[in-house]
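Coordinates as given in work_11.txt (compact mmCIF, C-alpha atoms and all ligand atoms):
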```
# COMPACT_ATOMS: atom_id res chain seq x y z
CA MET L 136 -0.70 -10.24 2.02
CA ASN L 137 2.94 -11.08 1.66
CA VAL L 138 4.72 -10.94 5.02
CA ILE L 139 8.47 -10.42 5.12
CA LYS L 140 10.09 -11.04 8.48
CA VAL L 141 13.24 -9.07 9.26
CA LYS L 142 15.54 -9.00 12.25
CA ASN L 143 14.93 -5.51 13.53
CA LYS L 144 13.82 -1.98 12.75
CA GLU L 145 17.08 -1.20 10.98
CA GLU L 146 16.58 -4.04 8.51
CA MET L 147 12.92 -3.13 8.09
CA SER L 148 13.86 0.45 7.23
CA GLN L 149 16.63 -0.54 4.82
CA LEU L 150 14.38 -2.95 2.97
CA ALA L 151 11.52 -0.45 2.79
CA ALA L 152 13.83 2.27 1.50
CA LYS L 153 15.25 -0.09 -1.12
CA HIS L 154 11.73 -0.80 -2.31
CA ILE L 155 10.82 2.89 -2.55
CA ILE L 156 14.07 3.77 -4.32
CA LYS L 157 13.49 1.02 -6.88
CA LYS L 158 9.96 2.26 -7.48
CA VAL L 159 11.14 5.82 -8.07
CA THR L 160 14.07 4.76 -10.23
CA ASP L 161 11.91 2.49 -12.39
CA ALA L 162 9.09 5.03 -12.65
CA PRO L 163 10.28 8.61 -12.04
CA HIS L 164 6.70 9.96 -12.16
CA SER L 165 5.64 7.77 -9.22
CA VAL L 166 3.05 8.95 -6.74
CA LEU L 167 4.09 7.98 -3.23
CA GLY L 168 1.57 7.81 -0.41
CA LEU L 169 3.43 8.73 2.76
CA ALA L 170 2.93 8.08 6.45
CA THR L 171 4.22 9.61 9.66
CA GLY L 172 4.95 8.30 13.17
CA SER L 173 7.97 6.54 14.65
CA THR L 174 7.79 3.62 12.23
CA PRO L 175 8.80 5.26 8.91
CA LYS L 176 11.35 7.66 10.43
CA GLU L 177 14.40 5.48 9.76
CA THR L 178 13.09 4.56 6.32
CA TYR L 179 13.09 8.25 5.49
CA LYS L 180 16.60 8.52 6.91
CA GLU L 181 17.69 5.76 4.53
CA LEU L 182 16.10 7.62 1.60
CA VAL L 183 17.98 10.76 2.57
CA LYS L 184 21.26 8.81 2.86
CA ASP L 185 20.69 7.33 -0.58
CA TYR L 186 19.81 10.73 -2.04
CA ILE L 187 23.06 12.21 -0.75
CA ARG L 188 25.17 9.22 -1.84
CA ASN L 189 23.53 8.19 -5.09
CA GLY L 190 21.46 11.19 -6.12
CA THR L 191 18.20 9.30 -6.71
CA ASP L 192 16.01 11.83 -8.47
CA TYR L 193 12.63 12.81 -7.00
CA SER L 194 12.02 15.84 -9.19
CA LEU L 195 9.06 14.21 -10.95
CA VAL L 196 7.69 12.38 -7.92
CA LYS L 197 4.46 13.43 -6.25
CA THR L 198 3.67 12.65 -2.63
CA ILE L 199 0.42 12.55 -0.75
CA ASN L 200 0.25 12.09 3.00
CA LEU L 201 -2.30 10.08 4.89
CA ASP L 202 -3.30 12.42 7.65
CA GLU L 203 -2.82 15.52 9.79
CA TYR L 204 -4.01 16.75 13.17
CA VAL L 205 -6.79 19.30 13.31
CA GLY L 206 -5.83 22.64 14.77
CA LEU L 207 -2.04 22.50 14.50
CA SER L 208 -0.23 24.97 12.29
CA SER L 209 2.29 23.56 9.84
CA GLU L 210 5.01 25.24 11.93
CA ASN L 211 3.95 23.36 15.05
CA LYS L 212 6.65 20.82 15.84
CA SER L 213 4.08 18.10 16.50
CA SER L 214 2.25 18.58 13.19
CA TYR L 215 2.72 16.10 10.39
CA HIS L 216 3.64 18.98 8.07
CA TYR L 217 6.58 19.67 10.33
CA PHE L 218 7.44 15.97 10.63
CA MET L 219 7.61 15.53 6.87
CA LYS L 220 9.78 18.59 6.43
CA LYS L 221 12.11 17.54 9.22
CA HIS L 222 12.53 13.92 8.17
CA LEU L 223 12.17 13.94 4.39
CA PHE L 224 11.06 17.00 2.46
CA GLY L 225 13.87 19.14 3.84
CA TYR L 226 16.41 16.94 2.01
CA LEU L 227 15.05 15.36 -1.17
CA ASN L 228 14.35 17.24 -4.39
CA ILE L 229 10.59 16.68 -4.28
CA LYS L 230 9.05 19.90 -5.60
CA GLU L 231 7.07 21.82 -3.01
CA ASN L 232 3.97 21.94 -5.18
CA ASN L 233 4.14 18.17 -5.68
CA ARG L 234 3.71 17.43 -1.96
CA TYR L 235 0.28 17.14 -0.45
CA ILE L 236 -0.72 16.91 3.20
CA PRO L 237 -4.25 17.63 4.49
CA ASN L 238 -4.57 21.11 5.92
CA GLY L 239 -5.88 20.73 9.46
CA GLU L 240 -5.47 24.40 10.20
CA THR L 241 -8.40 25.92 8.34
CA GLU L 242 -11.94 26.57 9.52
CA ASP L 243 -13.59 24.80 6.63
CA LEU L 244 -12.51 21.22 7.18
CA LYS L 245 -15.34 19.88 5.04
CA GLU L 246 -13.93 21.70 2.04
CA VAL L 247 -10.42 20.44 2.83
CA CYS L 248 -11.72 16.85 2.85
CA LEU L 249 -13.57 17.38 -0.42
CA GLN L 250 -10.52 18.85 -2.13
CA TYR L 251 -8.30 16.06 -0.84
CA ASP L 252 -10.68 13.47 -2.30
CA GLN L 253 -10.57 15.24 -5.66
CA LEU L 254 -6.81 15.13 -5.49
CA ILE L 255 -6.78 11.41 -4.64
CA GLU L 256 -9.10 10.75 -7.60
CA LYS L 257 -6.62 12.49 -9.90
CA MET L 258 -3.38 11.11 -8.51
CA VAL L 259 -3.47 7.34 -8.29
CA VAL L 260 -1.01 6.32 -5.61
CA ASP L 261 1.60 3.89 -6.94
CA LEU L 262 3.00 2.93 -3.56
CA GLN L 263 1.34 3.65 -0.24
CA LEU L 264 3.50 3.45 2.85
CA LEU L 265 1.60 2.56 6.01
CA GLY L 266 2.14 2.09 9.71
CA ILE L 267 -0.35 0.54 12.07
CA GLY L 268 -1.72 1.75 15.38
CA ARG L 269 -1.87 -0.59 18.37
CA ASN L 270 -5.63 -0.73 17.94
CA GLY L 271 -5.26 -1.61 14.26
CA HIS L 272 -5.82 1.89 12.91
CA ILE L 273 -4.33 2.85 9.56
CA GLY L 274 -3.89 6.52 8.80
CA PHE L 275 -6.19 7.82 11.52
CA ASN L 276 -9.04 5.48 10.65
CA GLU L 277 -10.02 4.39 14.12
CA PRO L 278 -11.87 1.13 14.93
CA GLY L 279 -15.49 1.32 13.81
CA THR L 280 -14.79 3.49 10.74
CA SER L 281 -16.63 2.23 7.67
CA PHE L 282 -14.33 0.93 4.97
CA ASN L 283 -16.23 3.09 2.46
CA THR L 284 -15.22 6.40 4.00
CA LYS L 285 -13.24 8.89 2.00
CA THR L 286 -11.22 11.72 3.53
CA HIS L 287 -12.88 12.70 6.78
CA VAL L 288 -12.43 14.30 10.18
CA VAL L 289 -12.10 11.77 13.01
CA LYS L 290 -12.35 12.01 16.74
CA LEU L 291 -9.19 10.32 17.94
CA ALA L 292 -9.53 7.32 20.23
CA HIS L 293 -8.19 7.88 23.72
CA ALA L 294 -5.65 5.08 23.17
CA THR L 295 -4.35 6.85 20.06
CA ARG L 296 -4.01 10.18 21.84
CA GLN L 297 -2.24 8.48 24.70
CA SER L 298 0.12 6.64 22.39
CA ASN L 299 0.88 9.77 20.35
CA SER L 300 1.34 11.94 23.44
CA ARG L 301 5.03 11.03 23.26
CA PHE L 302 5.32 13.56 20.44
CA PHE L 303 3.80 16.31 22.64
CA ASN L 304 4.59 17.79 26.06
CA SER L 305 1.51 16.16 27.56
CA ILE L 306 -1.62 14.31 26.52
CA ASP L 307 -3.63 17.52 26.97
CA GLU L 308 -1.75 19.01 24.02
CA VAL L 309 -2.65 16.14 21.68
CA PRO L 310 -5.42 17.32 19.36
CA THR L 311 -8.75 15.59 19.82
CA HIS L 312 -9.40 15.40 16.07
CA ALA L 313 -7.53 14.67 12.86
CA ILE L 314 -8.14 14.59 9.12
CA THR L 315 -7.41 11.30 7.48
CA MET L 316 -7.57 9.70 4.09
CA GLY L 317 -10.33 7.10 4.27
CA ILE L 318 -9.82 3.37 3.97
CA SER L 319 -11.48 3.28 0.54
CA SER L 320 -8.86 5.78 -0.68
CA ILE L 321 -6.01 3.80 0.84
CA LEU L 322 -7.25 0.67 -0.90
CA LYS L 323 -7.18 2.47 -4.26
CA SER L 324 -3.36 2.53 -4.16
CA LYS L 325 -1.74 0.18 -6.64
CA GLU L 326 0.56 -1.23 -4.00
CA ILE L 327 0.70 -1.01 -0.21
CA LEU L 328 3.76 -1.39 1.99
CA LEU L 329 2.97 -1.82 5.68
CA LEU L 330 5.86 -1.39 8.10
CA VAL L 331 5.68 -2.77 11.61
CA SER L 332 8.30 -2.77 14.32
CA GLY L 333 8.42 -3.52 18.04
CA SER L 334 6.79 -5.78 20.60
CA HIS L 335 4.08 -3.17 21.34
CA LYS L 336 2.71 -3.92 17.87
CA ALA L 337 2.80 -7.72 18.35
CA PRO L 338 -0.88 -8.10 19.39
CA ALA L 339 -1.97 -6.05 16.37
CA MET L 340 0.16 -8.20 14.06
CA LYS L 341 -1.21 -11.39 15.54
CA HIS L 342 -4.71 -10.09 14.93
CA LEU L 343 -3.92 -9.02 11.38
CA ILE L 344 -2.18 -12.20 10.30
CA GLU L 345 -4.03 -14.91 12.23
CA ASN L 346 -7.56 -13.56 12.23
CA GLU L 347 -9.18 -14.02 8.84
CA ALA L 348 -12.14 -11.75 9.52
CA ILE L 349 -12.38 -8.41 7.75
CA ASP L 350 -13.86 -6.28 10.49
CA VAL L 351 -14.35 -2.53 10.86
CA GLN L 352 -13.37 -2.88 14.52
CA PHE L 353 -9.88 -3.68 13.27
CA PRO L 354 -9.28 -1.22 10.40
CA ALA L 355 -6.08 -2.83 9.10
CA SER L 356 -8.07 -5.97 8.28
CA ALA L 357 -9.35 -4.01 5.24
CA LEU L 358 -5.91 -4.60 3.72
CA LYS L 359 -6.92 -8.24 3.14
CA LYS L 360 -9.19 -6.91 0.38
CA HIS L 361 -6.21 -5.51 -1.54
CA HIS L 362 -4.31 -7.63 -4.06
CA HIS L 363 -0.83 -6.19 -3.55
CA VAL L 364 0.10 -5.71 0.09
CA THR L 365 3.57 -6.36 1.47
CA ILE L 366 4.16 -6.29 5.21
CA ILE L 367 7.71 -5.82 6.41
CA ALA L 368 7.73 -6.62 10.10
CA ASP L 369 10.51 -7.28 12.56
CA CYS L 370 10.88 -10.26 14.90
CA GLU L 371 9.47 -8.38 17.88
CA ALA L 372 6.36 -7.35 15.98
CA LEU L 373 5.88 -10.94 14.84
CA SER L 374 6.68 -12.51 18.20
CA LEU L 375 3.08 -13.57 18.83
CA VAL L 376 2.47 -14.93 15.34
CA SER L 377 2.71 -18.69 15.27
CA SER L 378 2.01 -19.31 11.57
CA TYR L 379 4.91 -19.34 9.13
CA VAL L 380 5.98 -16.06 7.59
CA GLY L 381 8.79 -15.72 5.05
CA GLU L 382 12.19 -14.63 6.31
CA ASN L 383 13.98 -11.97 4.33
C1 LIG W 401 -0.34 7.42 14.06
C2 LIG W 401 -0.51 7.79 12.58
C3 LIG W 401 -0.48 6.58 11.71
C4 LIG W 401 0.65 5.71 12.18
C5 LIG W 401 0.33 5.11 13.51
C6 LIG W 401 1.46 4.36 14.14
O1 LIG W 401 -1.40 7.81 14.85
N1 LIG W 401 -1.67 8.54 12.27
O2 LIG W 401 -0.38 6.94 10.35
O3 LIG W 401 0.87 4.66 11.27
O4 LIG W 401 -0.20 6.08 14.38
O5 LIG W 401 2.42 5.22 14.67
P1 LIG W 401 3.86 4.80 15.07
O6 LIG W 401 4.57 4.50 13.81
O7 LIG W 401 4.44 5.98 15.77
O8 LIG W 401 3.76 3.61 15.95
```

Represent the structure of the file as structure tokens.
Amino acid sequence: MNVIKVKNKEEMSQLAAKHIIKKVTDAPHSVLGLATGSTPKETYKELVKDYIRNGTDYSLVKTINLDEYVGLSSENKSSYHYFMKKHLFGYLNIKENNRYIPNGETEDLKEVCLQYDQLIEKMVVDLQLLGIGRNGHIGFNEPGTSFNTKTHVVKLAHATRQSNSRFFNSIDEVPTHAITMGISSILKSKEILLLVSGSHKAPAMKHLIENEAIDVQFPASALKKHHHVTIIADCEALSLVSSYVGEN
């Protein structure tokens, strides 16, 4: 894992956006694996800024998102469908039928998972954007999830619901379950870009960087099995890491 240390979230977002823009410019048919949450928000803002200023073309790009809550309609303001529309899809020229997000709204979630796996098999992700949960989750793969799992329905950890309750009116509104791409699918991506910002993520970063063990209790440790992972993390996120990491 290559760790790039940046000053703050702004720098993290600019660098991540630069990386994505280069990928898309070099390979216009790129498949981007996308994430949600507070972490990639400014990166998406940078992509939008660039699109308006420089007209980077996304008309051939395909996107596939990591996860979605179970039981929220795509119109629900806390759904990841809504998030993606609000922060990215509403601006760039990514064709509607080239964007994929798991459908957490239907009755037959098993079928949704199966279809998503078929999709992942077909579309190899060129660049997967990731955030990390405080408990080390990636996507919604909570601690204890086997690294072999494909797309599946998860029961969200209490800590995750609590942490994500900031996007809802109260914790009671946070869905108890979500659909997520499995870790084995995430690891199939050709390249992974993990973004981390803020002191609340510092313990997770310390664990990820200083602990060599690959352990299902800390899902992000699976990334050590991948040959092309770049972590862009800010000073606060790296504040507990004592070993050397490269400055940008
Ligand atoms: C959420 C999402 C993850 C995200 C993580 C961190 O639960 N399912 O994909 O990376 O938690 O979120 P944030 O960026 O808001 O800290």

Could you pull out the residues sitting within 10 Å of ligand LIG 401 (chain W), using only C-alpha atoms and all ligand atoms, and write them as a CSV table (one decimal) with C-alpha atoms, in the coordinates of the input?
```csv
chain,number,residue,atom,x,y,z
L,169,LEU,CA,3.4,8.7,2.8
L,170,ALA,CA,2.9,8.1,6.4
L,171,THR,CA,4.2,9.6,9.7
L,172,GLY,CA,5.0,8.3,13.2
L,173,SER,CA,8.0,6.5,14.6
L,174,THR,CA,7.8,3.6,12.2
L,175,PRO,CA,8.8,5.3,8.9
L,176,LYS,CA,11.4,7.7,10.4
L,200,ASN,CA,0.2,12.1,3.0
L,201,LEU,CA,-2.3,10.1,4.9
L,202,ASP,CA,-3.3,12.4,7.6
L,203,GLU,CA,-2.8,15.5,9.8
L,204,TYR,CA,-4.0,16.8,13.2
L,215,TYR,CA,2.7,16.1,10.4
L,264,LEU,CA,3.5,3.4,2.8
L,265,LEU,CA,1.6,2.6,6.0
L,266,GLY,CA,2.1,2.1,9.7
L,267,ILE,CA,-0.4,0.5,12.1
L,268,GLY,CA,-1.7,1.8,15.4
L,269,ARG,CA,-1.9,-0.6,18.4
L,270,ASN,CA,-5.6,-0.7,17.9
L,271,GLY,CA,-5.3,-1.6,14.3
L,272,HIS,CA,-5.8,1.9,12.9
L,273,ILE,CA,-4.3,2.8,9.6
L,274,GLY,CA,-3.9,6.5,8.8
L,275,PHE,CA,-6.2,7.8,11.5
L,276,ASN,CA,-9.0,5.5,10.6
L,277,GLU,CA,-10.0,4.4,14.1
L,291,LEU,CA,-9.2,10.3,17.9
L,292,ALA,CA,-9.5,7.3,20.2
L,294,ALA,CA,-5.6,5.1,23.2
L,295,THR,CA,-4.4,6.8,20.1
L,296,ARG,CA,-4.0,10.2,21.8
L,297,GLN,CA,-2.2,8.5,24.7
L,298,SER,CA,0.1,6.6,22.4
L,299,ASN,CA,0.9,9.8,20.4
L,300,SER,CA,1.3,11.9,23.4
L,301,ARG,CA,5.0,11.0,23.3
L,302,PHE,CA,5.3,13.6,20.4
L,313,ALA,CA,-7.5,14.7,12.9
L,314,ILE,CA,-8.1,14.6,9.1
L,315,THR,CA,-7.4,11.3,7.5
L,316,MET,CA,-7.6,9.7,4.1
L,329,LEU,CA,3.0,-1.8,5.7
L,330,LEU,CA,5.9,-1.4,8.1
L,331,VAL,CA,5.7,-2.8,11.6
L,332,SER,CA,8.3,-2.8,14.3
L,333,GLY,CA,8.4,-3.5,18.0
L,335,HIS,CA,4.1,-3.2,21.3
L,336,LYS,CA,2.7,-3.9,17.9
```

- Query: Contacts of Val183 (chain L) at 8 Å or less, counting all atoms listed in the file, minus same-chain residues fewer than 6 places along, as an MDAnalysis selection string?
  - Reply: chainID L and resid 223 226:227

- Which residue of L:Ile236, L:Val260, L:Val309, L:Ser281 approaches Tyr217 (chain L) most closely, using all atoms listed in the file: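 Selected residue with least distance to Tyr217 (chain L): L:Ile236.
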
- Query: So which residues touch Gly168 (chain L) within 10 Å, counting all atoms listed in the file, skipping near sequence neighbours fewer than 3 positions away, as a ChimeraX atom specification?
  - Reply: /L:165,197-201,234-235,259-265,321,324,326-328

- What does the distance from CA of Thr284 (chain L) to CA of Ile318 (chain L) come to in Å, to one decimal?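 Value for the CA of Thr284 (chain L)-CA of Ile318 (chain L) distance: 6.2 Å.
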
- Note on the structure: Taken to one decimal, the CA of Pro354 (chain L)-CA of Gly279 (chain L) distance is 7.5 Å

- Task: Choose the residue, out of L:Met147, L:Arg188, L:Asp161, L:Met136, that has the smallest atom-to-atom separation from Ala357 (chain L); count all atoms listed in the file.
- Result: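 Closest candidate: L:Met136.
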